[in-house]
$ cat structure24.cif   # mmCIF, C-alpha atoms
data_target
loop_
_atom_site.label_atom_id
_atom_site.label_comp_id
_atom_site.auth_asym_id
_atom_site.auth_seq_id
_atom_site.Cartn_x
_atom_site.Cartn_y
_atom_site.Cartn_z
CA ILE A 1 3.36 -8.24 -11.44
CA ILE A 2 -0.30 -8.30 -10.43
CA GLU A 3 0.07 -4.59 -9.60
CA LEU A 4 1.57 -3.97 -13.06
CA LEU A 5 -1.35 -5.72 -14.74
CA LYS A 6 -3.73 -3.33 -12.94
CA SER A 7 -1.69 -0.25 -13.92
CA ASN A 8 -1.19 1.77 -17.10
CA TYR A 9 2.37 0.51 -17.56
CA VAL A 10 2.99 -1.22 -20.90
CA ILE A 11 3.95 -4.87 -20.36
CA LYS A 12 6.03 -6.38 -23.16
CA ASN A 13 6.18 -9.93 -21.82
CA ILE A 14 5.81 -12.08 -18.71
CA TYR A 15 8.15 -15.03 -18.11
CA ALA A 16 7.38 -17.74 -15.56
CA THR A 17 8.17 -21.33 -14.68
CA SER A 18 5.47 -23.89 -15.41
CA ASP A 19 5.13 -24.57 -11.67
CA TRP A 20 4.49 -20.91 -10.92
CA TYR A 21 2.09 -20.52 -13.85
CA GLU A 22 -0.03 -23.51 -12.86
CA LYS A 23 -0.45 -22.09 -9.35
CA HIS A 24 -1.20 -18.51 -10.42
CA LYS A 25 -2.70 -18.63 -13.93
CA HIS A 26 -6.12 -17.70 -12.54
CA LEU A 27 -4.59 -14.33 -11.57
CA ILE A 28 -2.86 -13.59 -14.88
CA ASP A 29 -4.96 -12.38 -17.80
CA TYR A 30 -1.92 -12.13 -20.06
CA SER A 31 0.11 -14.37 -22.32
CA VAL A 32 3.01 -15.94 -20.39
CA THR A 33 6.26 -17.30 -21.83
CA LEU A 34 7.34 -20.42 -19.93
CA VAL A 35 10.99 -20.62 -18.84
CA SER A 36 13.05 -23.12 -16.87
CA HIS A 37 14.39 -22.67 -13.34
CA LYS A 38 17.89 -22.47 -14.82
CA GLU A 39 16.80 -19.63 -17.10
CA CYS A 40 15.28 -17.82 -14.10
CA GLU A 41 18.63 -17.98 -12.35
CA ARG A 42 20.30 -16.46 -15.41
CA ILE A 43 17.71 -13.65 -15.65
CA SER A 44 17.69 -12.75 -11.96
CA SER A 45 20.29 -10.70 -10.09
CA LEU A 46 19.06 -12.08 -6.76
CA GLN A 47 20.76 -14.86 -4.83
CA THR A 48 17.47 -16.78 -4.70
CA SER A 49 15.76 -16.37 -8.04
CA PRO A 50 12.01 -15.71 -8.31
CA GLU A 51 9.94 -17.84 -10.68
CA VAL A 52 8.24 -15.00 -12.54
CA PHE A 53 9.47 -11.86 -14.32
CA ALA A 54 7.89 -9.09 -16.36
CA LEU A 55 9.49 -7.01 -19.09
CA VAL A 56 7.91 -3.55 -18.84
CA GLU A 57 8.43 -0.25 -20.63
CA MET A 58 9.83 2.57 -18.51
CA LYS A 59 7.58 5.61 -18.53
CA GLN A 60 8.82 8.76 -20.18
CA SER A 61 8.82 12.02 -18.24
CA GLU A 62 5.28 13.22 -17.73
CA LYS A 63 3.77 16.53 -16.68
CA ILE A 64 3.85 16.91 -12.90
CA ILE A 65 0.36 16.62 -11.42
CA LEU A 66 0.35 17.84 -7.83
CA SER A 67 -1.67 16.28 -5.04
CA ASP A 68 -2.55 18.13 -1.84
CA LYS A 69 0.27 16.32 -0.04
CA ILE A 70 3.67 16.05 -1.67
CA LEU A 71 6.92 14.38 -0.64
CA ILE A 72 10.06 16.09 -1.93
CA ILE A 73 13.19 13.93 -2.02
CA ASP A 74 16.44 15.87 -1.77
CA ASP A 75 19.22 13.57 -2.98
CA ILE A 76 18.27 10.21 -1.46
CA LYS A 77 20.94 7.72 -2.60
CA ASP A 78 20.00 4.33 -1.13
CA THR A 79 17.81 2.18 -3.38
CA GLY A 80 16.14 0.39 -0.49
CA ASN A 81 15.34 3.65 1.29
CA PHE A 82 13.87 5.17 -1.84
CA GLY A 83 11.75 2.13 -2.66
CA THR A 84 10.48 2.03 0.92
CA ILE A 85 9.61 5.74 0.79
CA ILE A 86 7.51 5.14 -2.35
CA ARG A 87 5.80 2.18 -0.69
CA THR A 88 5.14 4.31 2.41
CA ALA A 89 3.71 7.15 0.32
CA ASP A 90 1.36 4.66 -1.33
CA TRP A 91 0.23 3.29 2.05
CA PHE A 92 -0.69 6.76 3.28
CA GLY A 93 -2.34 7.82 0.03
CA ILE A 94 0.32 10.35 -0.99
CA LYS A 95 0.24 10.34 -4.78
CA THR A 96 3.12 12.67 -5.68
CA VAL A 97 6.85 12.29 -4.97
CA ILE A 98 9.19 14.94 -6.41
CA CYS A 99 12.89 14.01 -6.57
CA SER A 100 16.07 15.96 -7.13
CA GLU A 101 17.84 15.04 -10.34
CA GLN A 102 20.69 13.53 -8.25
CA SER A 103 18.41 11.15 -6.34
CA VAL A 104 18.60 7.41 -6.94
CA GLU A 105 16.89 6.17 -10.11
CA LEU A 106 13.31 4.91 -9.79
CA TYR A 107 13.93 2.06 -12.23
CA ASN A 108 16.94 0.69 -10.37
CA PRO A 109 15.99 -2.99 -9.85
CA LYS A 110 16.49 -2.78 -6.09
CA THR A 111 14.28 0.31 -5.87
CA ILE A 112 11.51 -1.36 -7.88
CA GLN A 113 11.77 -4.46 -5.68
CA ALA A 114 11.56 -2.39 -2.47
CA THR A 115 8.39 -0.60 -3.65
CA MET A 116 6.52 -3.94 -3.74
CA GLY A 117 4.46 -2.65 -6.67
CA SER A 118 3.70 0.77 -5.19
CA PHE A 119 5.61 2.51 -8.01
CA THR A 120 2.57 1.78 -10.21
CA ARG A 121 0.34 4.03 -8.06
CA VAL A 122 2.68 6.83 -6.94
CA ASN A 123 3.66 9.54 -9.42
CA VAL A 124 7.45 9.95 -9.18
CA HIS A 125 9.04 12.92 -10.95
CA TYR A 126 12.65 14.11 -11.28
CA THR A 127 13.30 17.82 -11.61
CA ASP A 128 15.47 20.73 -10.52
CA LEU A 129 14.20 21.18 -6.97
CA LYS A 130 15.19 24.84 -6.79
CA VAL A 131 13.11 25.68 -9.85
CA PHE A 132 10.23 23.50 -8.63
CA LEU A 133 10.14 25.13 -5.20
CA GLN A 134 10.48 28.63 -6.65
CA THR A 135 7.41 28.04 -8.82
CA LEU A 136 5.34 26.01 -6.33
CA SER A 137 1.98 27.65 -5.64
CA ASP A 138 1.72 29.81 -2.53
CA ASP A 139 -1.16 27.55 -1.50
CA TYR A 140 1.47 25.05 -0.31
CA VAL A 141 3.34 25.26 2.97
CA ILE A 142 6.85 23.79 2.69
CA TYR A 143 8.09 21.77 5.67
CA GLY A 144 11.59 20.36 6.10
CA THR A 145 12.76 17.46 8.26
CA PHE A 146 15.65 18.40 10.55
CA MET A 147 17.30 17.22 13.75
CA GLU A 148 15.86 20.31 15.43
CA GLY A 149 12.57 22.08 14.81
CA VAL A 150 8.92 21.95 15.84
CA ALA A 151 8.18 18.55 17.37
CA LEU A 152 6.24 16.55 14.80
CA HIS A 153 3.28 15.81 17.08
CA LYS A 154 2.79 19.56 17.59
CA VAL A 155 2.72 20.43 13.89
CA ALA A 156 -0.63 21.51 12.43
CA PHE A 157 -0.03 20.66 8.80
CA ALA A 158 -1.60 22.95 6.20
CA PRO A 159 -4.24 21.53 3.82
CA LYS A 160 -1.70 21.74 1.00
CA THR A 161 1.65 20.48 2.23
CA ALA A 162 5.07 19.76 0.76
CA VAL A 163 7.50 17.88 3.03
CA ILE A 164 11.20 17.77 2.14
CA ILE A 165 13.17 14.63 3.08
CA GLY A 166 16.93 15.12 3.03
CA ASN A 167 19.89 12.95 2.09
CA GLU A 168 20.67 10.02 4.41
CA SER A 169 23.91 11.46 5.77
CA ARG A 170 23.82 15.21 5.00
CA GLY A 171 20.12 15.97 5.42
CA ILE A 172 18.50 18.77 3.42
CA SER A 173 21.03 20.66 1.30
CA SER A 174 21.78 24.33 1.99
CA GLU A 175 20.37 25.44 -1.38
CA ILE A 176 17.04 23.72 -0.65
CA ASP A 177 17.03 24.65 3.05
CA LYS A 178 16.19 28.28 2.22
CA PHE A 179 12.79 27.28 0.78
CA VAL A 180 11.69 25.61 4.02
CA GLN A 181 8.95 27.58 5.77
CA GLU A 182 8.76 25.41 8.87
CA LYS A 183 11.40 23.08 10.26
CA ILE A 184 10.02 19.93 11.85
CA CYS A 185 11.68 17.12 13.80
CA ILE A 186 10.89 13.74 15.30
CA SER A 187 11.47 14.10 19.04
CA LYS A 188 14.12 11.80 20.44
CA LYS A 189 13.02 10.09 23.66
CA ASN A 190 16.28 8.45 24.64
CA LYS A 191 18.99 11.12 24.77
CA GLU A 192 21.73 8.48 24.89
CA SER A 193 20.52 6.49 21.87
CA VAL A 194 21.56 6.61 18.20
CA ASP A 195 22.10 10.05 16.68
CA SER A 196 19.63 9.77 13.78
CA LEU A 197 16.79 7.78 12.21
CA ASN A 198 16.89 5.91 8.92
CA ALA A 199 15.49 8.18 6.17
CA ALA A 200 12.71 5.76 5.18
CA ILE A 201 11.65 5.19 8.81
CA ALA A 202 11.59 8.94 9.44
CA THR A 203 9.48 9.43 6.31
CA ALA A 204 6.97 6.84 7.52
CA ILE A 205 6.58 8.62 10.87
CA VAL A 206 6.12 11.98 9.12
CA CYS A 207 3.56 10.51 6.71
CA TYR A 208 1.56 9.09 9.60
CA GLU A 209 1.35 12.49 11.29
CA LEU A 210 0.74 14.25 7.97
CA THR A 211 -2.27 12.14 7.05
CA LYS A 212 -3.88 11.23 10.38
#

$ encode --input "structure24.cif" --output "C-alpha cells"
Amino acid sequence: IIELLKSNYVIKNIYATSDWYEKHKHLIDYSVTLVSHKECERISSLQTSPEVFALVEMKQSEKIILSDKILIIDDIKDTGNFGTIIRTADWFGIKTVICSEQSVELYNPKTIQATMGSFTRVNVHYTDLKVFLQTLSDDYVIYGTFMEGVALHKVAFAPKTAVIIGNESRGISSEIDKFVQEKICISKKNKESVDSLNAAIATAIVCYELTK
C-alpha cells in the first residue's frame, strides 16, 4: 500500500483496523476508513487476514513504452510465478514486461500479492506476441530460454535485448519459437537432478546475467 501511495495508481479508499492505523499512520498521507478485525476476515481471501486493504482502480491498456531490456512472457499460467517474475524484473531494473494474451491476469489477487508492490513500477502489457515480435525494432536481439542452447554465462547480451520466458510445462510455443534469434539455457550441474527449473527462478537467473 505504501508502494501504491508513491505510484500513479488511483486509490479509491484504504481500509484498516484501528490497531494497524495507530502503528502506521505516520506513513499514510491518505484518509483511512477504520474497519473491525471481523470485517477484515470477510474482505480477505487469505486464511490469515491482513489488517489493511486498498481499493484501487485497474489501469486501462496503455501505449507500450519499450526499455532497453524487455521480458516477454509466453503463456505463463501460475499466479505466483508471474508475480515473482514482475518482482524480479523490478529488482533488476527491467521496466517492461510484455505478455501473451493467454498469460495469467496481472490483477489476479495472488499475482498482485506475489509482486510485493513491484507491479506499481514495472510496465506490464498484454498483446499478440506474434504481431509484437514481427514489428519489434531490428535494434533488439531476441533471446529465448530453452533446455538446450548457449550456456547463459557465455552469452554476450546485446545492448537492446528481449528475452522470451516460456510456459511452465511446455516452454516457448512453436509459433513464438521462430522469432528467437539466439537460444540460451541455464547449464545443469547435476545430471541426475530434476529435469527443469521453476519459471520464476529461471527468470531471476537470466535477469542477473542480463543486467550484471

$ residues_around --input "structure24.cif" --residues "Ile201 in chain A" --least-positions-apart "4" --cutoff "12 Å" --atoms "all atoms listed in the file" --output "list in words"
Gly80, Asn81, Phe82, Gly83, Thr84, Ile85, Ile86, Arg87, Thr88, Ala89, Ile165, Glu168, Ile186, Ser196, Leu197, Ile205, Val206, Cys207 and Tyr208 of chain A

$ write_last_selection --input "structure24.cif" --atoms "C-alpha atoms" --output "PDB file, keeping the file's coordinate frame"
ATOM      1  CA  GLY A  80      16.140   0.390  -0.490  1.00  0.00           C
ATOM      2  CA  ASN A  81      15.340   3.650   1.290  1.00  0.00           C
ATOM      3  CA  PHE A  82      13.870   5.170  -1.840  1.00  0.00           C
ATOM      4  CA  GLY A  83      11.750   2.130  -2.660  1.00  0.00           C
ATOM      5  CA  THR A  84      10.480   2.030   0.920  1.00  0.00           C
ATOM      6  CA  ILE A  85       9.610   5.740   0.790  1.00  0.00           C
ATOM      7  CA  ILE A  86       7.510   5.140  -2.350  1.00  0.00           C
ATOM      8  CA  ARG A  87       5.800   2.180  -0.690  1.00  0.00           C
ATOM      9  CA  THR A  88       5.140   4.310   2.410  1.00  0.00           C
ATOM     10  CA  ALA A  89       3.710   7.150   0.320  1.00  0.00           C
ATOM     11  CA  ILE A 165      13.170  14.630   3.080  1.00  0.00           C
ATOM     12  CA  GLU A 168      20.670  10.020   4.410  1.00  0.00           C
ATOM     13  CA  ILE A 186      10.890  13.740  15.300  1.00  0.00           C
ATOM     14  CA  SER A 196      19.630   9.770  13.780  1.00  0.00           C
ATOM     15  CA  LEU A 197      16.790   7.780  12.210  1.00  0.00           C
ATOM     16  CA  ILE A 205       6.580   8.620  10.870  1.00  0.00           C
ATOM     17  CA  VAL A 206       6.120  11.980   9.120  1.00  0.00           C
ATOM     18  CA  CYS A 207       3.560  10.510   6.710  1.00  0.00           C
ATOM     19  CA  TYR A 208       1.560   9.090   9.600  1.00  0.00           C
TER      20      TYR A 208
END

$ residues_near_point --input "structure24.cif" --point "(2.2, -4.0, -9.2)" --cutoff "12 Å" --atoms "only C-alpha atoms" --output "list in words"
Ile1, Ile2, Glu3, Leu4, Leu5, Lys6, Ser7, Asn8, Tyr9, Ile11, Phe53, Ala54, Val56, Arg87, Asp90, Ile112, Gln113, Ala114, Thr115, Met116, Gly117, Ser118, Phe119, Thr120, Arg121 and Val122 of chain A

$ residues_around --input "structure24.cif" --residues "Val104 in chain A" --least-positions-apart "5" --cutoff "9 Å" --atoms "all atoms listed in the file" --output "list in words"
Asp75, Ile76, Lys77, Asp78, Thr79, Phe82, Cys99 and Thr111 of chain A

$ write_last_selection --input "structure24.cif" --atoms "C-alpha atoms" --output "PDB file, in the frame of the given file"
ATOM      1  CA  ASP A  75      19.220  13.570  -2.980  1.00  0.00           C
ATOM      2  CA  ILE A  76      18.270  10.210  -1.460  1.00  0.00           C
ATOM      3  CA  LYS A  77      20.940   7.720  -2.600  1.00  0.00           C
ATOM      4  CA  ASP A  78      20.000   4.330  -1.130  1.00  0.00           C
ATOM      5  CA  THR A  79      17.810   2.180  -3.380  1.00  0.00           C
ATOM      6  CA  PHE A  82      13.870   5.170  -1.840  1.00  0.00           C
ATOM      7  CA  CYS A  99      12.890  14.010  -6.570  1.00  0.00           C
ATOM      8  CA  THR A 111      14.280   0.310  -5.870  1.00  0.00           C
TER       9      THR A 111
END

$ closest_atom_pairs --input "structure24.cif" --of "range 63-93 of chain A" --to "range 129-151 of chain A" --cutoff "10 Å" --atoms "all atoms listed in the file" --output "Markdown table"
| residue | atom | partner | partner_atom | distance |
| --- | --- | --- | --- | --- |
| A:Leu66 | CA | A:Leu136 | CA | 9.7 |
| A:Asp68 | CA | A:Tyr140 | CA | 8.1 |
| A:Lys69 | CA | A:Tyr140 | CA | 8.8 |
| A:Ile70 | CA | A:Tyr140 | CA | 9.4 |
| A:Leu71 | CA | A:Tyr143 | CA | 9.8 |
| A:Ile72 | CA | A:Leu129 | CA | 8.3 |
| A:Ile73 | CA | A:Leu129 | CA | 8.8 |
| A:Asp74 | CA | A:Leu129 | CA | 7.8 |
| A:Asp75 | CA | A:Leu129 | CA | 10.0 |

$ atom_distance --input "structure24.cif" --atom1 "CA of Leu34 in chain A" --atom2 "CA of Thr17 in chain A"
5.4 Å

$ closest_residue --input "structure24.cif" --among "A:Ser193, A:Thr161, A:Asn123, A:Asn198" --to "Val180 in chain A" --atoms "all atoms listed in the file"
A:Thr161

$ closest_residue --input "structure24.cif" --among "A:Thr203, A:Ser103, A:Ser44, A:Asn167" --to "Ile184 in chain A" --atoms "all atoms listed in the file"
A:Thr203

$ residues_near_point --input "structure24.cif" --point "(9.3, 13.3, 18.8)" --cutoff "7 Å" --atoms "only C-alpha atoms" --output "ChimeraX atom specification"
/A:151-153,185-189

$ atom_distance --input "structure24.cif" --atom1 "CA of Asp177 in chain A" --atom2 "CA of Lys63 in chain A"
25.1 Å

$ atom_distance --input "structure24.cif" --atom1 "CA of Gln181 in chain A" --atom2 "CA of Ala204 in chain A"
20.9 Å

$ residues_around --input "structure24.cif" --residues "range 57-62 of chain A" --least-positions-apart "2" --cutoff "9 Å" --atoms "all atoms listed in the file" --output "list in words"
Tyr9, Val10, Ile11, Lys12, Leu55, Ile64, Ile65, Tyr107, His125 and Tyr126 of chain A
